[in-house]
Amino acid sequence: MPPRFRVPAQRFTLSDTARAEAFSDGVFAIALTLLVLGLTTPAHPPGGLGDALARQWPAYLGYAASFSYIAVIWLNHHRAFLRIRSMDRGLHAANLFLLFTTAALAFPTEVVATELQADAWGTDAKVAVALYAALAAAMCLSWAALYHRLRRRPGLLENAIELTYVRHGWLRSWIGALAYALAGVLGVLVTPLAALGAFVLLPIFYFTTSEGLPGSRDTSGEAAA
């Protein structure tokens, strides 16, 4: 009986990033498409279309908030994977957690739009913005999990990256999670409209810090960018 060839276990512990990036881009595209499906022609009497369209302004703001959030996530995901050389099981799990929360964002977006149109000051509207804040914060925590994995396994990264990239990415994730949580509390205790305004503005923070927190950029990572 011929001897069995034993394949080294290391061969199966790491993989390249191509499939994860392609799958992630597909999920981001579907998530963005689901958002626009929430924009529908409102019920209206003859001659009342203009007023009906104006009354569903929360749907437009919700769409803008969630589209910009997912768009910035896609940008940051792209920038992150320029610096990731290979993936292990833990990093795949963190990436799937990120995609799980991203794909679900259309649901609280529609809930917020519906409840704010019904009664922008009501209890249901407060519950709606709390739901949105909770999912958005969970999305930030999924990024924290991804950066935590990279901190534990620096060998998954390219050799020439910014020294502060992972640490600042982890900090940005927690800042975002806390900011969305505070926005939810503000919406419940003060007014849902304040939370909606925060949801529109917070993606700007992630866009402006997509290359790190202020003062974090250095020349060591130019090869990876």
# chains A, B, ... in the order shown; residues from 1 in each chain; ligands from 1

call {"tool": "residues_around", "arguments": {"residues": "Arg167 in chain A", "least_positions_apart": "6", "cutoff": "9 Å", "atoms": "only C-alpha atoms", "output": "PyMOL selection string"}}
result
chain A and resi 147-148+151

call {"tool": "residues_around", "arguments": {"residues": "Ala113 in chain A", "least_positions_apart": "5", "cutoff": "10 Å", "atoms": "only C-alpha atoms", "output": "PyMOL selection string"}}
result
chain A and resi 38-39+56-63+108+118+120+125+128-129+196

call {"tool": "write_last_selection", "arguments": {"atoms": "C-alpha atoms", "output": "mmCIF file, in the first residue's frame"}}
result
data_model
loop_
_atom_site.group_PDB
_atom_site.id
_atom_site.type_symbol
_atom_site.label_atom_id
_atom_site.label_comp_id
_atom_site.auth_asym_id
_atom_site.auth_seq_id
_atom_site.Cartn_x
_atom_site.Cartn_y
_atom_site.Cartn_z
ATOM 1 C CA GLY A 38 -37.911 51.739 0.026
ATOM 2 C CA LEU A 39 -38.624 54.863 -2.057
ATOM 3 C CA GLN A 56 -42.384 61.465 2.869
ATOM 4 C CA TRP A 57 -39.244 63.550 3.468
ATOM 5 C CA PRO A 58 -38.068 61.144 6.198
ATOM 6 C CA ALA A 59 -37.700 58.469 3.523
ATOM 7 C CA TYR A 60 -35.358 60.726 1.554
ATOM 8 C CA LEU A 61 -33.240 61.542 4.597
ATOM 9 C CA GLY A 62 -33.162 57.893 5.635
ATOM 10 C CA TYR A 63 -32.057 56.900 2.143
ATOM 11 C CA PRO A 108 -34.345 49.910 10.042
ATOM 12 C CA ALA A 118 -46.672 58.780 10.780
ATOM 13 C CA ALA A 120 -42.192 62.359 14.064
ATOM 14 C CA ALA A 125 -40.575 56.912 15.975
ATOM 15 C CA ALA A 128 -37.451 53.204 15.178
ATOM 16 C CA VAL A 129 -34.421 55.461 15.613
ATOM 17 C CA LEU A 196 -32.042 61.328 12.182
#

call {"tool": "residues_around", "arguments": {"residues": "range 133-136 of chain A", "least_positions_apart": "5", "cutoff": "9 Å", "atoms": "only C-alpha atoms", "output": "MDAnalysis selection string"}}
result
chainID A and resid 69 101:102 104:105 108 128 141 176:177 179:185 195 199

call {"tool": "write_last_selection", "arguments": {"atoms": "C-alpha atoms", "output": "PDB file, in the first residue's frame"}}
result
ATOM      1  CA  TYR A  69     -23.093  55.031   5.309  1.00  0.00           C
ATOM      2  CA  THR A 101     -24.995  44.167   9.461  1.00  0.00           C
ATOM      3  CA  THR A 102     -24.617  45.988   6.142  1.00  0.00           C
ATOM      4  CA  ALA A 104     -29.689  44.407   7.219  1.00  0.00           C
ATOM      5  CA  LEU A 105     -29.498  48.212   7.148  1.00  0.00           C
ATOM      6  CA  PRO A 108     -34.345  49.910  10.042  1.00  0.00           C
ATOM      7  CA  ALA A 128     -37.451  53.204  15.178  1.00  0.00           C
ATOM      8  CA  LEU A 141     -18.415  46.909  16.176  1.00  0.00           C
ATOM      9  CA  GLY A 176     -18.547  55.366  15.652  1.00  0.00           C
ATOM     10  CA  ALA A 177     -20.267  52.762  17.811  1.00  0.00           C
ATOM     11  CA  ALA A 179     -21.642  58.016  18.489  1.00  0.00           C
ATOM     12  CA  TYR A 180     -24.491  55.959  17.022  1.00  0.00           C
ATOM     13  CA  ALA A 181     -25.461  54.735  20.480  1.00  0.00           C
ATOM     14  CA  LEU A 182     -25.561  58.326  21.749  1.00  0.00           C
ATOM     15  CA  ALA A 183     -27.622  59.336  18.717  1.00  0.00           C
ATOM     16  CA  GLY A 184     -30.128  56.619  19.591  1.00  0.00           C
ATOM     17  CA  VAL A 185     -30.313  57.796  23.209  1.00  0.00           C
ATOM     18  CA  ALA A 195     -31.168  61.188  15.879  1.00  0.00           C
ATOM     19  CA  PHE A 199     -27.490  59.519  11.174  1.00  0.00           C
TER      20      PHE A 199
END

call {"tool": "atom_distance", "arguments": {"atom1": "CA of Pro154 in chain A", "atom2": "CA of Ala103 in chain A"}}
result
28.1 Å

call {"tool": "closest_residue", "arguments": {"among": "A:Thr109, A:Asn95, A:Thr191, A:Ser173", "to": "Thr123 in chain A", "atoms": "only C-alpha atoms"}}
result
A:Thr191

call {"tool": "closest_residue", "arguments": {"among": "A:Asp16, A:Ala64, A:Pro45, A:Leu53", "to": "Gly197 in chain A", "atoms": "only C-alpha atoms"}}
result
A:Ala64

call {"tool": "atom_distance", "arguments": {"atom1": "CA of Phe100 in chain A", "atom2": "CA of Cys140 in chain A"}}
result
12.0 Å

call {"tool": "closest_residue", "arguments": {"among": "A:Leu156, A:Ser24, A:His44, A:Ser210", "to": "Phe97 in chain A", "atoms": "only C-alpha atoms"}}
result
A:Ser24

call {"tool": "closest_residue", "arguments": {"among": "A:Ser15, A:Ala20, A:Val27, A:Trp121", "to": "Val188 in chain A", "atoms": "only C-alpha atoms"}}
result
A:Trp121

call {"tool": "closest_residue", "arguments": {"among": "A:Lys126, A:Arg85, A:Glu115, A:Phe205", "to": "Ala160 in chain A", "atoms": "only C-alpha atoms"}}
result
A:Arg85

call {"tool": "residues_around", "arguments": {"residues": "Tyr206 in chain A", "least_positions_apart": "6", "cutoff": "12 Å", "atoms": "only C-alpha atoms", "output": "count of residues only"}}
result
27

call {"tool": "residues_around", "arguments": {"residues": "Arg55 in chain A", "least_positions_apart": "6", "cutoff": "10 Å", "atoms": "only C-alpha atoms", "output": "PyMOL selection string"}}
result
chain A and resi 42+49+116-118

call {"tool": "write_last_selection", "arguments": {"atoms": "all heavy atoms", "output": "tab-separated table (two decimals), in the first residue's frame"}}
result
chain	number	residue	atom	x	y	z
A	42	PRO	N	-46.03	57.57	-3.07
A	42	PRO	CA	-46.97	57.57	-1.93
A	42	PRO	C	-48.42	57.58	-2.40
A	42	PRO	O	-48.74	58.07	-3.49
A	42	PRO	CB	-46.61	58.86	-1.20
A	42	PRO	CG	-46.08	59.76	-2.27
A	42	PRO	CD	-45.35	58.86	-3.23
A	49	LEU	N	-50.20	64.64	-5.50
A	49	LEU	CA	-48.90	63.96	-5.53
A	49	LEU	C	-47.79	64.82	-4.93
A	49	LEU	O	-46.94	64.33	-4.19
A	49	LEU	CB	-48.53	63.57	-6.96
A	49	LEU	CG	-47.17	62.89	-7.14
A	49	LEU	CD1	-47.09	61.61	-6.32
A	49	LEU	CD2	-46.89	62.62	-8.61
A	116	LEU	N	-41.48	58.01	11.17
A	116	LEU	CA	-41.34	59.46	11.22
A	116	LEU	C	-42.42	60.14	10.37
A	116	LEU	O	-42.87	61.25	10.70
A	116	LEU	CB	-39.95	59.88	10.74
A	116	LEU	CG	-38.81	59.65	11.73
A	116	LEU	CD1	-37.48	60.08	11.12
A	116	LEU	CD2	-39.04	60.42	13.03
A	117	GLN	N	-42.82	59.49	9.29
A	117	GLN	CA	-43.91	60.05	8.50
A	117	GLN	C	-45.23	59.98	9.25
A	117	GLN	O	-46.07	60.89	9.14
A	117	GLN	CB	-44.04	59.29	7.17
A	117	GLN	CG	-42.92	59.55	6.19
A	117	GLN	CD	-43.05	58.71	4.95
A	117	GLN	OE1	-43.96	58.92	4.14
A	117	GLN	NE2	-42.17	57.74	4.79
A	118	ALA	N	-45.42	58.93	10.03
A	118	ALA	CA	-46.67	58.78	10.78
A	118	ALA	C	-46.75	59.77	11.93
A	118	ALA	O	-47.78	60.42	12.14
A	118	ALA	CB	-46.80	57.35	11.28

call {"tool": "residues_around", "arguments": {"residues": "Leu32 in chain A", "least_positions_apart": "3", "cutoff": "8 Å", "atoms": "only C-alpha atoms", "output": "PyMOL selection string"}}
result
chain A and resi 28-29+35-36+67+70

call {"tool": "atom_distance", "arguments": {"atom1": "CA of Ala54 in chain A", "atom2": "CA of Thr114 in chain A"}}
result
13.7 Å

call {"tool": "select_by_dssp", "arguments": {"residues": "range 6-214 of chain A", "states": "strand (DSSP E or B)", "output": "PyMOL selection string"}}
result
chain A and resi 15+84+87+157

call {"tool": "write_last_selection", "arguments": {"atoms": "N, CA, C and O atoms", "output": "short mmCIF file (atom, residue, chain, number, x, y, z; two decimals), in the first residue's frame"}}
result
data_model
loop_
_atom_site.label_atom_id
_atom_site.label_comp_id
_atom_site.auth_asym_id
_atom_site.auth_seq_id
_atom_site.Cartn_x
_atom_site.Cartn_y
_atom_site.Cartn_z
N SER A 15 -5.92 32.10 3.14
CA SER A 15 -6.38 32.20 1.75
C SER A 15 -6.15 33.62 1.29
O SER A 15 -5.96 34.54 2.09
N ILE A 84 -4.48 44.26 3.35
CA ILE A 84 -4.57 42.88 3.83
C ILE A 84 -4.01 41.95 2.76
O ILE A 84 -4.46 41.98 1.60
N MET A 87 -6.10 36.00 4.40
CA MET A 87 -7.17 35.92 5.38
C MET A 87 -7.15 34.57 6.07
O MET A 87 -6.83 33.55 5.44
N LEU A 157 -1.30 41.14 7.19
CA LEU A 157 -1.18 42.44 6.53
C LEU A 157 0.02 42.47 5.59
O LEU A 157 0.98 41.69 5.73
#
